[in-house]
Amino acid sequence: MSATPVIPAVFRRLIAPVLALLLLFLYIQGGGRTILVNDGMDMLFRLRGPLPPEQSIVIVGVDEASLRQYGQWPFARHLHAELLARLGSAKAVAFDFLFPEAGADDAALSAALAKGPPAVLAVAPDYQAGMLKPSPTITGYAGIGHIETMLSGDGIVRQVDISPREEAPAFAVSLATAAGVTLETDDAGLGPRIINFYGPEATFLTLSYRDVLAGRYPPEVFAGRYILVGAQALGLGDSHVTAFTRKTPTPGIEIQASILGNLLNSSFIRPVVWLPFALITCFGALPLFIWPIAGERHNLALNTLLTTAVFASALTLFHRHIFFDFISPLVFLLFTYLFYLLQELLSAASRVLHQAHTLDRQLDARLQQVYHGHSKFVSVKEKSNPSLLSPAGIQDHLGRLQEAVNALSLQHHFLENLLDRELPPVILWESRSGEPVFANIAFREFWQAFALQEEDDLPFYTTFAEQIKIRPTEGAVPQGAGREAQLQFFDVQVRMAAGRRFLQGSMHRLLVPDTGFSGNLVLLQDITEIKELERVKDEVVSIVSHELKQPLTVILGYGQMLTEDLDGVSRTYAQKICSQAERLNRMIRDFLDIARLESGRQQVKRFPFPLERMVREALETIQTAAVKKGIQLREDVPEKTTPYSGDESLLVHAVLNLLDNAVKFSAAGTLVQVSLQEEADRFVLLVADQGPGIPETERQRIFDKFQRGSRTEQDEGFGLGLHLVHQIIEGHGGAIQALAVPVGATFEIILPKLAKADTDSIA
């Protein structure tokens with residue numbers, strides 16, 4: 001096949017992802033990607049929920065109660081000195097306050113800073129591109145740190161730049177360094193970091209500045225902890241909006257606590273830049289390889305599954321402090337699918353237009369072909385070939401469709417008359433849904449009589465199959481035999497107006513390649529007369545067989561008397577009379593047994609019994625004949641087996657027939673072996689001899705009526721024994737087969753422990 005037609009198809013499939021990528025690029029260029037990234041991150045924060053805060057961090061906040069207690073802000077610096085004395089057991093202390101001007105109590109504050117735990121003071125940029133640092137009159141502190149955070153375009157704090165500013169490290173970095181903590185290179189490196197907020201306001205342990213200064217907390221509360229002192233009252237203005245608090249601002253001191261916790265635990269949000277591009281690439285391949293070969297329902301389910309998987313992956317990674325822009329790939333997937341659907345819609349419209357032109361051309365040819373130009377039903381017009389999209393073209397096409405409707409109406413009346421008046425009951429179902437598509441009047445009458453209903457409702461296929469109890473009968477085509485393998489036959493009885501009728505149904509698959517239609521077609525033939533002939537035949541056979549048994553019994557009796565009284569050649573003749581009479585008696589007995597089994601008059605009576613008892617009974621019965629011929633019988637039978645539910649007398653008869661054949665067709669001095677094995681769900685019985693065996697070509701038909709092996713022509717037999725065995729075993733839901741063995745013949749009987757529902761009787 002040439003590759004030239006594939007190239008346009010590939011380029012056509014590229015249209016949707018290219019347009020989607022272009023639209024997404026324009027959106028990103030307009031600043032939309034920042035919105036997507038920020039909104040996606042905020043969504044993950046809210047879905048993830050708060051995290052357990054770092055327990056080594058304590059916030060001492062200047063709240064409204066502290067302002068009421070100590071007056072106007074800023075507080076006198078001797079209060080901070082007294083606060084440091086209360087925090088003497090802390091690991092380090094950081095003041096999120098600016099002290100740019102000298103104060104009256106700077107000496108007291110400096111002494112407290114020098115005496116207390118390592119302390120860090122805050123610095124911040126001024127309006128002249130400089131840095132507001134602590135007044136030179138304040139000394140004794142361990143370091144300074146800038147408190148600058150980064151605001152996104154929507155005014156929300158999401159990142160922090162931990163790079164030094166004018167030799168002032170970041171506030172949280174300076175506090176950790178003052179406490180003697182060695183930060184990892186990744187955390188101490190330069191550049192902005194995404195803050196992994198622990199939760200909304202008051203997530204960390206927060207104490208009131210007033211309560212701490214009043215000594216309401218023992219020193220053990222602050223021992224070994226990082227203490228951040230800062231403004232918490234809303235009136236002080238040091239607050240920002242975060243992902244958790246988009247409505248209520250978070251105090252800056254709590255943001256610094258989150259930054260410090262991220263530094264100590266290496267828990268900053270780590271962005272994965274390459275993953276969105278990889279997802280966009282994968283989604284771009286969908287219209288090339290997946291969507292064209294799947295239906296719209298499957299495509300919609302696939303897209304929903306992919307969206308769910310991407311979102312679940314983003315949330316799972318976010319729990320591990322990893323973030324990637326998951327909204328941009330999903331927006332790309334949405335754009336791509338919308339463009340793909342639009343493209344498919346336009347393509348379908350084009351195909352419909354082309355098909356309309358094709359149908360328009362076919363209408364003339366088909367109608368003329370069916371009606372051979374008779375203008376009574378078809379009007380052949382001189383066409384000017386107007387465009388189908390024009391009013392004239394549409395009107396012309398509708399006129400031709402009306403002609404097709406007239407033609408189909410005539411065909412419908414013809415077929416309806418044929419199906420309803422000439423054919424036996426027929427029904428057609430659609431394969432997938434099982435809905436009836438068509439049924440003639442004869443079937444409707446049959447179904448009303450069979451289902452005993454007055455309504456004219458047609459059955460679904462499942463209803464029909466359950467009530468009819470469709471089972472393959474003799475003559476059914478075996479499965480796997482080609483296109484006709486679906487053919488099945490079944491029998492059904494129904495009482496109709498004409499009396500009780502016997503119908504034989506045939507069911508097969510109906511395929512219409514041009515339309516893709518697949519259906520099940522059932523045709524019912526009236527076989528009442530055939531059934532009546534079979535009944536008469538059975539009665540004749542039964543009468544004749546029974547009438548033959550009485551004279552045969554007399555002949556056999558007198559023959560046995562003669563063998564006792566005569567000698568020499570006369571005795572030999574009498575023995576031959578007895579032998580042939582016994583042979584004919586066995587044939588009649590087997591023939592009657594088969595007739596009873598096939599007609600259903602002989603029922604399988606299921607009672608539990610041990611199979612080993614049945615096998616030993618058959619061996620004891622055949623023992624005399626085996627010893628007389630010099631044949632050794634060997635058994636391999638368990639001492640005890642699970643009771644089997646079946647007809648013991650019939651099974652003894654079947655096994656005895658096999659043993660009788662084995663003894664009859666084996667030479668003197670040979671071995672006949674019987675073995676019984678119990679498996680989890682079945683019993684396996686083997687009867688093996690060392691006789692002439694069964695050729696490969698005869699093993700499949702050896703169980704048919706009147707079939708005798710080609711290697712046993714010199715021996716007596718009518719070919720009914722194995723057929724009788726086959727009927728008995730199948731009546732128990734089992735199976736029998738002649739195995740391929742190098743010496744002799746081996747018959748294998750399989751008896752399942754759980755009998756099938758339809759094996760309650762032999763038919």
# chains A, B, ... in the order shown; residues from 1 in each chain; ligands from 1

call {"tool": "residues_around", "arguments": {"residues": "Thr336 (chain A)", "least_positions_apart": "5", "cutoff": "7 Å", "atoms": "only C-alpha atoms", "output": "list in words"}}
result
Ala16, Pro17 and Ala20 of chain A

call {"tool": "select_by_dssp", "arguments": {"residues": "region 125-369 of chain A", "states": "strand (DSSP E)", "output": "ChimeraX atom specification"}}
result
/A:125,131-132,143-146,150-151,157-161,192-194,205-208,226-231,239-240,250-251,270-271,322-323

call {"tool": "closest_residue", "arguments": {"among": "A:Gly143, A:Pro638, A:Gly230, A:Gly399", "to": "Val60 (chain A)", "atoms": "only C-alpha atoms"}}
result
A:Gly230

call {"tool": "closest_residue", "arguments": {"among": "A:Ala735, A:Ala668, A:Val652, A:Val58", "to": "Val684 (chain A)", "atoms": "only C-alpha atoms"}}
result
A:Ala735

call {"tool": "select_by_dssp", "arguments": {"residues": "region 231-327 of chain A", "states": "helix (DSSP H, G or I)", "output": "ChimeraX atom specification"}}
result
/A:234-236,252-265,274-293,296-319,327
